[in-house]
Amino acid sequence: MKEYHLPQAPARLSLRDALRVRSAAYPWNRAIGSGIATCLPILIGLLLGDIIHGFSAALGAFTFLYIGAETYKQRAKKLAAVAICLAVAMVLGSLLAPYTLILSIVAGIIGIIAFYVLNTLQQLIPGPMFFVLIFCMATGLPVDPQSAWERGFYVLLGGALSWLLAMASWLWTKKNHEKQVLIKSYRQLMAMLQSIGTPSFYQMQHLTVLTLKQTDRIIYASKRQPAALRLHELAADIFYTLTQLNNDGLTSDMRKSLENQLTAVVDALENAKGNWPAYTKSDQSVVHNLQLELEQAYELATQSTTKEETVHVETESAWSVLRNGISRKNITVRHALFYGLFIMIASLLAHGLGFNRPYWVPVACAAVLIGANTTLTIHRAIQRSLGTIVGTIIGGLILSLEPSGIYLILVVGLLQLCVELVIVRNYVFANMFIAPLVLVLVETMNPGNTVSYFVTARVVDTIVGSTIAILAVLLLWRGIHTRFLPIILKETIVNMQELLRAIHSNDQQKKHTKKLMNSLIELRAAYDRSLGDFSASQQQAEVLWPAIMHTQHAGYLLMSLRKNKDKLTETQYDAIQNQLGGIMTSLTTRQPVSFERYEELDLQQELNQLQSALQQLHKSNNATKLAPN
């Protein structure tokens, strides 16, 4: 067995990171598109002599922000659903404005549904906050339930205009989304290959899985050409082979040869000129398999696909994903309930204490609670409060100039453009433009109040809403991810046992592979979120790092057995089942369990490491309990 070195655990999050400026590229296309989507409805309203309704329609422009990495078919469906839901939120807010208790409850329900749906479907940006924002803003407009449907109609019109702008890029980009995501997958495979033998391998392995998972959603929802599907399947095969290759020796010459082959595949996908490099057939079976897979990928990437027929692939519908995700053990469900509950509480407190603009309190709370853990929530509270203070000063200066007509439209469009440009650097900068943008929108739709009235209310309500969010996390959510880690770890081992039985019986292997893949991704995501809990919880999570890392690698090695169609002998099957059973016993009893070591397969060696990590963990925990105070 080769010498083993434990990879370094990911670094903790700290409060100092709240003001760290990220080095990210400015998203000019997204920023310009959102700016146009926001100011165009106002311009149309101005030309038609009804700028107030133009501002109502501008609220529907938030639809544009939900553009993501997807096919145009996926984008069309998603943005249409977003536009409709924003319009419904406006209608409900206008109808329920006179009823404080009911509107607070409905605000919480909207938060729960939006959070659960977007997080379950992996639509994390920009998140659920805009649905809560539209609903709450509607409750702050002049109370007029009879105009609810009219307001909702204008929001829907603005959403429809954003839909057209988002889909219009198809006319000039002519991008093949299948090819783009395939190129991204193979580039990530190159990074994984280059990391073999380095401490960063396990991180690259995880990033590659996430990339392949994203490609799944796009490839299976697109035209489904045989070449694209096969290239995606080969990318998954190459991933599993690289996972096996990490456990074998790899010379520098062989690594260079494989990198040249993978570069040729990427060049072929990008339609760049280049020939297939000559290579020497390896004596190692794993390396030889990788060479053959890369050659197949190159042949598929260079062949013409114009005459190919589409292929039908059965995929899980969005409704099925949402329905199957509802479980008391699902942390996303709990997070959604927590999110909605405190939006409701924030709304009730704001109305009960008689705030001038009570809807800004739950909006601020909703924006801050998007943070995935305690530290990130405090980050967002700091960022939103500081950004809002500076932004309201800017907004006050803009309103004091009393812009109107085309100048008002330019201000709105410019502010929205700046929000999308700087939000990738730090949320503080974004709020410096979000605050004046919201002030301009609200003051125009709600004329008759002084500038100082809006500025003061905005700052105070934002700070109060952020404080409620921080208290909520500290009281009820602190350390939740650390507590869930052992539960997710046990579920992952159960899924490994089920996949092993499926491989042995050659039954439902694809179904159980997908379940295990999702468990491994969630396990790592939960660990990463736990790094943002406070010190004691962070330490508890870090103790689990060796077990989590070994579980991940063992899971991918188990999947590679299915990929290579390896036939496990009865002895090997029984040995692996015995190892997994011992691991489950150790996790259930939280006690060290004696086990027999097996060395024949890479998977068995990795499970040995996992068993050793759990033994060390439980011995350490028991020693801590027995130590005198």
# chains A, B, ... in the order shown; residues from 1 in each chain; ligands from 1

$ residues_around --residues "region 325-334 of chain A" --least-positions-apart "3" --cutoff "12 Å" --atoms "only C-alpha atoms" --output "PyMOL selection string"
chain A and resi 111-122+318-322+337-341+370+372-373+476-477+480-488+490-491+518-519+522-523+525-526+529

$ residues_around --residues "Tyr154 (chain A)" --least-positions-apart "5" --cutoff "10 Å" --atoms "only C-alpha atoms" --output "number ranges by chain"
A: 41, 53-60, 87, 90, 149, 159-160

$ write_last_selection --atoms "N, CA, C and O atoms" --output "compact mmCIF listing (two decimals), in the first residue's frame"
# COMPACT_ATOMS: atom_id res chain seq x y z
N PRO A 41 -38.92 49.46 -19.14
CA PRO A 41 -40.35 49.63 -18.82
C PRO A 41 -40.69 51.06 -18.37
O PRO A 41 -41.78 51.56 -18.68
N HIS A 53 -46.89 53.60 -13.59
CA HIS A 53 -47.07 52.19 -13.95
C HIS A 53 -45.80 51.63 -14.61
O HIS A 53 -45.54 50.43 -14.56
N GLY A 54 -45.03 52.52 -15.22
CA GLY A 54 -43.74 52.10 -15.76
C GLY A 54 -42.82 51.63 -14.65
O GLY A 54 -42.09 50.64 -14.80
N PHE A 55 -42.86 52.31 -13.50
CA PHE A 55 -42.06 51.88 -12.35
C PHE A 55 -42.59 50.57 -11.78
O PHE A 55 -41.80 49.73 -11.31
N SER A 56 -43.89 50.36 -11.80
CA SER A 56 -44.44 49.07 -11.36
C SER A 56 -43.93 47.94 -12.26
O SER A 56 -43.54 46.87 -11.78
N ALA A 57 -43.93 48.20 -13.56
CA ALA A 57 -43.43 47.20 -14.49
C ALA A 57 -41.93 46.94 -14.29
O ALA A 57 -41.44 45.83 -14.52
N ALA A 58 -41.20 47.96 -13.85
CA ALA A 58 -39.76 47.81 -13.63
C ALA A 58 -39.46 46.79 -12.54
O ALA A 58 -38.39 46.18 -12.53
N LEU A 59 -40.41 46.60 -11.62
CA LEU A 59 -40.20 45.58 -10.58
C LEU A 59 -40.15 44.19 -11.19
O LEU A 59 -39.48 43.29 -10.66
N GLY A 60 -40.85 44.00 -12.29
CA GLY A 60 -40.78 42.71 -12.99
C GLY A 60 -39.44 42.45 -13.64
O GLY A 60 -39.14 41.31 -14.03
N ALA A 87 -45.32 38.45 -10.17
CA ALA A 87 -46.61 39.12 -10.34
C ALA A 87 -47.60 38.67 -9.27
O ALA A 87 -48.34 39.49 -8.71
N MET A 90 -46.89 40.44 -6.05
CA MET A 90 -47.42 41.80 -6.06
C MET A 90 -48.93 41.81 -5.78
O MET A 90 -49.43 42.63 -5.00
N TRP A 149 -54.83 43.55 -8.97
CA TRP A 149 -54.65 42.83 -10.24
C TRP A 149 -53.97 43.70 -11.28
O TRP A 149 -53.18 43.21 -12.10
N GLY A 159 -41.89 41.59 -16.37
CA GLY A 159 -41.26 40.29 -16.42
C GLY A 159 -41.22 39.73 -17.83
O GLY A 159 -40.22 39.12 -18.25
N ALA A 160 -42.30 39.95 -18.60
CA ALA A 160 -42.34 39.49 -19.99
C ALA A 160 -41.30 40.21 -20.83
O ALA A 160 -40.65 39.60 -21.69

$ residues_around --residues "His512 (chain A)" --least-positions-apart "6" --cutoff "9 Å" --atoms "only C-alpha atoms" --output "NGL selection string"
:A and (495-496 or 498-500 or 502)

$ closest_residue --among "A:Ile583, A:Ala554, A:Val464, A:Ile409" --to "Leu46 (chain A)" --atoms "only C-alpha atoms"
A:Ile409

$ atom_distance --atom1 "CA of Ser530 (chain A)" --atom2 "CA of Ala613 (chain A)"
19.2 Å

$ closest_residue --among "A:Met254, A:Ala435, A:Ile32, A:Val455" --to "Asp283 (chain A)" --atoms "only C-alpha atoms"
A:Met254

$ decode --residues "region 336-441 of chain A" --atoms "C-alpha atoms" --output "tab-separated table (two decimals), in the first residue's frame"
chain	number	residue	atom	x	y	z
A	336	ALA	CA	-36.51	27.06	4.44
A	337	LEU	CA	-38.82	26.82	7.49
A	338	PHE	CA	-36.32	28.79	9.58
A	339	TYR	CA	-36.05	31.41	6.81
A	340	GLY	CA	-39.81	31.89	6.50
A	341	LEU	CA	-40.43	31.86	10.25
A	342	PHE	CA	-38.16	34.82	10.93
A	343	ILE	CA	-39.39	36.78	7.95
A	344	MET	CA	-42.83	36.46	9.54
A	345	ILE	CA	-41.51	37.43	12.99
A	346	ALA	CA	-39.64	40.44	11.55
A	347	SER	CA	-42.80	41.61	9.78
A	348	LEU	CA	-44.93	41.24	12.92
A	349	LEU	CA	-42.39	43.13	15.04
A	350	ALA	CA	-42.08	45.95	12.50
A	351	HIS	CA	-45.84	46.43	12.29
A	352	GLY	CA	-46.35	45.97	16.01
A	353	LEU	CA	-43.70	48.56	16.92
A	354	GLY	CA	-45.16	51.08	14.47
A	355	PHE	CA	-42.24	51.51	12.06
A	356	ASN	CA	-42.74	54.12	9.35
A	357	ARG	CA	-41.91	51.69	6.58
A	358	PRO	CA	-42.39	48.28	8.27
A	359	TYR	CA	-41.90	46.25	5.08
A	360	TRP	CA	-38.19	47.14	4.95
A	361	VAL	CA	-37.55	45.17	8.17
A	362	PRO	CA	-38.60	41.72	6.81
A	363	VAL	CA	-36.88	42.52	3.49
A	364	ALA	CA	-33.59	43.20	5.30
A	365	CYS	CA	-34.09	40.06	7.40
A	366	ALA	CA	-34.75	38.00	4.23
A	367	ALA	CA	-31.63	39.36	2.53
A	368	VAL	CA	-29.39	38.58	5.51
A	369	LEU	CA	-30.78	35.11	6.31
A	370	ILE	CA	-29.73	33.85	2.88
A	371	GLY	CA	-26.31	33.35	4.49
A	372	ALA	CA	-25.59	29.61	4.58
A	373	ASN	CA	-24.22	29.60	8.14
A	374	THR	CA	-23.66	31.78	11.22
A	375	THR	CA	-20.57	33.59	9.94
A	376	LEU	CA	-21.97	34.25	6.46
A	377	THR	CA	-25.20	35.57	8.01
A	378	ILE	CA	-23.23	38.02	10.14
A	379	HIS	CA	-21.19	38.90	7.03
A	380	ARG	CA	-24.36	39.80	5.14
A	381	ALA	CA	-25.71	41.78	8.11
A	382	ILE	CA	-22.51	43.85	8.26
A	383	GLN	CA	-22.39	44.24	4.50
A	384	ARG	CA	-26.04	45.20	4.15
A	385	SER	CA	-25.96	47.66	7.05
A	386	LEU	CA	-22.76	49.43	5.96
A	387	GLY	CA	-23.79	49.45	2.30
A	388	THR	CA	-27.26	50.74	3.12
A	389	ILE	CA	-25.92	53.61	5.25
A	390	VAL	CA	-23.66	54.79	2.42
A	391	GLY	CA	-26.31	54.01	-0.21
A	392	THR	CA	-29.05	56.00	1.50
A	393	ILE	CA	-26.77	59.04	1.55
A	394	ILE	CA	-26.26	58.61	-2.19
A	395	GLY	CA	-30.01	58.08	-2.63
A	396	GLY	CA	-30.79	61.18	-0.61
A	397	LEU	CA	-28.47	63.25	-2.80
A	398	ILE	CA	-30.10	61.86	-5.95
A	399	LEU	CA	-33.62	62.56	-4.69
A	400	SER	CA	-32.64	66.06	-3.57
A	401	LEU	CA	-31.82	66.83	-7.21
A	402	GLU	CA	-35.41	65.84	-8.10
A	403	PRO	CA	-34.58	64.01	-11.33
A	404	SER	CA	-37.46	63.46	-13.69
A	405	GLY	CA	-38.18	62.15	-17.14
A	406	ILE	CA	-35.26	60.71	-19.06
A	407	TYR	CA	-32.79	61.66	-16.32
A	408	LEU	CA	-34.71	59.58	-13.78
A	409	ILE	CA	-34.68	56.62	-16.17
A	410	LEU	CA	-30.93	56.93	-16.72
A	411	VAL	CA	-30.34	57.05	-12.95
A	412	VAL	CA	-32.34	53.85	-12.41
A	413	GLY	CA	-30.61	52.01	-15.25
A	414	LEU	CA	-27.16	53.15	-14.14
A	415	LEU	CA	-27.76	52.12	-10.52
A	416	GLN	CA	-28.96	48.66	-11.55
A	417	LEU	CA	-25.95	48.24	-13.84
A	418	CYS	CA	-23.59	49.15	-10.98
A	419	VAL	CA	-25.31	46.69	-8.62
A	420	GLU	CA	-24.64	43.75	-10.94
A	421	LEU	CA	-21.09	44.87	-11.70
A	422	VAL	CA	-19.87	45.15	-8.12
A	423	ILE	CA	-21.89	42.44	-6.36
A	424	VAL	CA	-19.33	39.85	-7.49
A	425	ARG	CA	-16.64	41.76	-5.56
A	426	ASN	CA	-18.42	42.38	-2.25
A	427	TYR	CA	-22.03	42.69	-1.10
A	428	VAL	CA	-21.16	45.99	0.63
A	429	PHE	CA	-20.53	47.65	-2.73
A	430	ALA	CA	-23.77	46.25	-4.15
A	431	ASN	CA	-25.82	47.72	-1.30
A	432	MET	CA	-24.29	51.13	-1.94
A	433	PHE	CA	-26.30	51.05	-5.19
A	434	ILE	CA	-29.23	48.86	-4.12
A	435	ALA	CA	-30.23	51.32	-1.39
A	436	PRO	CA	-30.49	54.40	-3.67
A	437	LEU	CA	-32.16	52.32	-6.37
A	438	VAL	CA	-34.89	51.17	-3.97
A	439	LEU	CA	-35.28	54.70	-2.59
A	440	VAL	CA	-35.80	56.11	-6.08
A	441	LEU	CA	-38.30	53.38	-6.99
